[in-house]
file data_2.txt (compact mmCIF, C-alpha atoms)
# COMPACT_ATOMS: atom_id res chain seq x y z
CA MET A 918 -7.43 -12.84 1.04
CA LEU A 919 -7.06 -13.69 -2.64
CA PRO A 920 -5.72 -17.25 -2.72
CA GLU A 921 -5.83 -17.42 -6.52
CA LYS A 922 -3.20 -14.67 -6.81
CA ARG A 923 0.52 -15.35 -6.56
CA PHE A 924 2.88 -12.92 -4.94
CA PRO A 925 5.56 -11.40 -7.18
CA THR A 926 8.91 -13.17 -7.42
CA TYR A 927 10.56 -10.32 -5.53
CA ALA A 928 9.63 -7.30 -3.46
CA TYR A 929 10.95 -4.38 -5.46
CA LEU A 930 13.54 -2.06 -4.00
CA PRO A 931 14.93 0.67 -6.28
CA GLY A 932 18.43 -0.08 -7.50
CA ARG A 933 18.39 -3.64 -6.21
CA HIS A 934 15.94 -5.35 -8.56
CA PRO A 935 14.73 -4.91 -12.12
CA HIS A 936 12.04 -2.22 -12.27
CA PRO A 937 8.81 -4.25 -12.17
CA VAL A 938 7.06 -2.33 -14.97
CA ARG A 939 9.75 -0.73 -17.14
CA ASP A 940 12.31 -3.55 -17.27
CA PRO A 941 11.55 -6.61 -19.45
CA LEU A 942 12.81 -8.73 -16.51
CA GLY A 943 10.38 -7.01 -14.13
CA HIS A 944 7.73 -9.10 -12.42
CA SER A 945 4.92 -6.89 -13.77
CA TYR A 946 6.32 -6.04 -17.18
CA GLN A 947 3.54 -5.36 -19.69
CA ASN A 948 0.78 -5.92 -17.13
CA GLU A 949 -2.14 -3.67 -17.90
CA PRO A 950 -3.55 -1.56 -15.05
CA VAL A 951 -7.03 -2.50 -13.91
CA THR A 952 -9.87 0.00 -14.00
CA VAL A 953 -12.29 0.07 -11.07
CA ALA A 954 -15.15 2.49 -10.45
CA VAL A 955 -14.75 4.42 -7.21
CA GLU A 956 -18.09 3.10 -5.90
CA GLU A 957 -16.71 -0.43 -6.12
CA ALA A 958 -13.12 0.31 -5.10
CA LEU A 959 -13.19 -0.68 -1.42
CA GLY A 960 -14.82 -4.03 -2.17
CA SER A 961 -12.73 -4.77 -5.25
CA ASP A 962 -10.16 -7.49 -5.74
CA VAL A 963 -7.73 -4.71 -6.72
CA PHE A 964 -8.06 -3.11 -3.28
CA ARG A 965 -7.84 -6.46 -1.46
CA TRP A 966 -4.80 -7.46 -3.54
CA GLY A 967 -3.12 -4.22 -2.44
CA ILE A 968 -3.84 -5.16 1.17
CA ASP A 969 -2.37 -8.65 0.68
CA LEU A 970 0.75 -7.17 -0.87
CA PHE A 971 1.09 -4.56 1.88
CA ASN A 972 0.62 -7.04 4.73
CA HIS A 973 3.31 -9.30 3.29
CA GLY A 974 5.88 -6.53 2.78
CA TYR A 975 5.42 -5.90 -0.95
CA TYR A 976 5.16 -2.15 -0.43
CA TRP A 977 6.04 -0.91 -3.91
CA GLU A 978 3.64 -3.45 -5.38
CA SER A 979 0.81 -2.45 -3.03
CA HIS A 980 1.35 1.17 -4.04
CA GLU A 981 0.96 0.14 -7.69
CA ALA A 982 -2.20 -1.85 -6.90
CA TRP A 983 -3.82 1.12 -5.15
CA GLU A 984 -2.77 3.81 -7.61
CA PRO A 985 -5.55 3.09 -10.18
CA LEU A 986 -8.07 3.36 -7.33
CA TRP A 987 -6.66 6.76 -6.40
CA HIS A 988 -6.95 7.88 -10.03
CA ALA A 989 -10.55 6.61 -10.19
CA ALA A 990 -11.46 8.65 -7.11
CA LYS A 991 -11.29 12.04 -8.81
CA GLN A 992 -14.95 12.77 -7.95
CA SER A 993 -14.76 11.57 -4.34
CA THR A 994 -12.44 13.65 -2.19
CA GLN A 995 -12.65 11.26 0.78
CA HIS A 996 -11.74 8.21 -1.33
CA ARG A 997 -8.92 10.15 -2.99
CA VAL A 998 -7.50 11.18 0.41
CA PHE A 999 -7.84 7.60 1.68
CA PHE A 1000 -6.03 6.00 -1.27
CA LYS A 1001 -3.32 8.67 -1.29
CA GLY A 1002 -2.71 7.93 2.40
CA LEU A 1003 -2.34 4.22 1.66
CA ILE A 1004 0.02 4.93 -1.24
CA LEU A 1005 2.19 7.17 0.95
CA LEU A 1006 2.22 4.60 3.76
CA ALA A 1007 3.37 1.95 1.28
CA ALA A 1008 6.06 4.34 0.01
CA SER A 1009 7.18 4.77 3.60
CA GLY A 1010 7.57 0.99 3.86
CA VAL A 1011 9.83 1.00 0.79
CA LYS A 1012 11.94 3.79 2.28
CA ILE A 1013 12.23 1.98 5.64
CA ARG A 1014 13.44 -1.14 3.82
CA GLU A 1015 15.96 1.00 1.93
CA GLY A 1016 17.23 2.44 5.22
CA LYS A 1017 16.13 5.96 4.24
CA ARG A 1018 14.62 7.03 7.56
CA VAL A 1019 14.12 10.72 6.73
CA ALA A 1020 12.20 9.96 3.52
CA ALA A 1021 10.26 7.22 5.32
CA ALA A 1022 9.27 9.61 8.10
CA ARG A 1023 8.19 12.26 5.58
CA HIS A 1024 5.94 9.81 3.70
CA ALA A 1025 4.53 8.34 6.93
CA ALA A 1026 3.76 11.81 8.33
CA ARG A 1027 1.97 12.80 5.13
CA ALA A 1028 0.00 9.53 5.20
CA ALA A 1029 -0.97 10.10 8.85
CA GLY A 1030 -2.13 13.62 8.04
CA LEU A 1031 -4.32 12.34 5.23
CA PHE A 1032 -5.87 9.60 7.38
CA ARG A 1033 -6.73 12.25 9.97
CA GLN A 1034 -8.54 14.30 7.30
CA ILE A 1035 -11.10 11.60 6.60
CA VAL A 1036 -14.50 12.92 7.64
CA ARG A 1037 -15.92 11.12 10.64
CA GLY A 1038 -19.19 10.31 8.87
CA GLN A 1039 -17.25 8.44 6.21
CA ASN A 1040 -15.13 6.72 8.84
CA GLY A 1041 -17.29 3.57 9.02
CA LEU A 1042 -16.79 2.83 5.35
CA PHE A 1043 -13.02 3.19 5.55
CA GLU A 1044 -12.82 1.52 8.95
CA ALA A 1045 -14.50 -1.57 7.52
CA ALA A 1046 -12.09 -1.53 4.58
CA LEU A 1047 -9.01 -1.30 6.82
CA GLY A 1048 -10.15 -3.25 9.86
CA MET A 1049 -9.40 -0.17 11.98
CA PRO A 1050 -10.42 3.49 12.06
CA PRO A 1051 -8.33 5.75 9.79
CA ALA A 1052 -7.27 7.67 12.92
CA ALA A 1053 -5.74 4.46 14.33
CA LEU A 1054 -3.87 3.90 11.07
CA ALA A 1055 -2.62 7.48 11.36
CA GLU A 1056 -1.18 6.63 14.79
CA TYR A 1057 0.51 3.52 13.40
CA ALA A 1058 1.95 5.57 10.54
CA ASP A 1059 3.38 8.10 13.00
CA ALA A 1060 4.82 5.34 15.21
CA ALA A 1061 6.37 3.47 12.29
CA THR A 1062 9.18 5.94 11.92
CA THR A 1063 9.68 7.03 15.53
CA SER A 1064 10.77 3.66 16.88
CA PRO A 1065 13.82 2.00 15.35
CA VAL A 1066 13.09 -0.88 13.01
CA VAL A 1067 15.53 -3.76 13.08
CA LEU A 1068 15.06 -5.62 9.84
CA PRO A 1069 15.93 -9.29 9.68
CA GLU A 1070 18.24 -10.40 6.91
CA PRO A 1071 15.83 -11.30 4.12
CA MET A 1072 16.04 -14.07 1.62
CA PRO A 1073 17.17 -12.52 -1.69
CA GLY A 1074 14.30 -10.58 -3.24
CA GLN A 1075 11.82 -11.55 -0.56
CA PRO A 1076 9.72 -9.02 1.30
CA VAL A 1077 10.47 -7.76 4.76
CA PRO A 1078 7.35 -6.46 6.54
CA VAL A 1079 8.32 -3.37 8.52
CA PHE A 1080 5.03 -2.37 10.12
CA GLU A 1081 3.71 -3.84 13.37
CA PHE A 1082 0.10 -3.97 12.20
CA ILE A 1083 -1.91 -5.59 9.47
CA LEU A 1084 -4.78 -4.29 7.41
CA ALA A 1085 -7.75 -6.63 7.68
CA PRO A 1086 -11.10 -5.67 6.17
CA LYS A 1087 -13.97 -6.45 8.52
CA SER A 1088 -16.16 -7.83 5.78
CA GLU A 1089 -15.85 -9.06 2.23
CA SER A 1090 -18.88 -6.93 1.37
CA VAL A 1091 -17.22 -3.56 2.04
call {"tool": "encode", "arguments": {"input": "data_2.txt", "output": "structure tokens"}}
result
Amino acid sequence: MLPEKRFPTYAYLPGRHPHPVRDPLGHSYQNEPVTVAVEEALGSDVFRWGIDLFNHGYYWESHEAWEPLWHAAKQSTQHRVFFKGLILLAASGVKIREGKRVAAARHAARAAGLFRQIVRGQNGLFEAALGMPPAALAEYADAATTSPVVLPEPMPGQPVPVFEFILAPKSESV
């Protein structure tokens, strides 16, 4: 979705790679967080970059991309719930890749619960941003940790997508 952006040199897993932000060898060391107004969040490059990262298995990195959007959503409960759900789903992906099924299931269940809280009237906005209704994403989140995931042997540091769906905004003018 954002061809001008390059994926990080590795998909971070705790204890296996340099911490992306805190370690001088990290792929995002000294990168400044981007500020986005909540009204612009769903159509922003920051949001779309998070989707690109998520779809390609960079779960920790997608979480970091979406976190400033969650912080910006203090005045919009629905946006805050939406972004927190995405952050938890990304955290679940990290835990699946680490082989921590209990933690992955806990994060995925919390994400599913948040996606189910999104008010139906707001659904169209978030559905366009995801390419699916939040309720459908809740079902995917629940399913992600109930069926066993057999991860292929990755190239060192490369991402391993663990979810059987992709996020695909319906329009660039979300």
call {"tool": "residues_around", "arguments": {"input": "data_2.txt", "residues": "A:Ala1052", "least_positions_apart": "5", "cutoff": "8 Å", "atoms": "all atoms listed in the file", "output": "list in words"}}
result
Ala1029, Phe1032 and Arg1033 of chain A
call {"tool": "closest_residue", "arguments": {"input": "data_2.txt", "among": "A:Val951, A:Met1049, A:Val1079, A:Val1019", "to": "A:Val963", "atoms": "only C-alpha atoms"}}
result
A:Val951
call {"tool": "atom_distance", "arguments": {"input": "data_2.txt", "atom1": "atom CA of A:Gly1010", "atom2": "atom CA of A:Ala990"}}
result
23.3 Å
call {"tool": "residues_around", "arguments": {"input": "data_2.txt", "residues": "A:His1024", "least_positions_apart": "6", "cutoff": "7 Å", "atoms": "all atoms listed in the file", "output": "PDB file with C-alpha atoms, keeping the file's coordinate frame"}}
result
ATOM      1  CA  LEU A1005       2.190   7.170   0.950  1.00  0.00           C
ATOM      2  CA  LEU A1006       2.220   4.600   3.760  1.00  0.00           C
ATOM      3  CA  ALA A1008       6.060   4.340   0.010  1.00  0.00           C
ATOM      4  CA  SER A1009       7.180   4.770   3.600  1.00  0.00           C
TER       5      SER A1009
END
call {"tool": "atom_distance", "arguments": {"input": "data_2.txt", "atom1": "atom CA of A:Leu1054", "atom2": "atom CA of A:Ala928"}}
result
22.8 Å
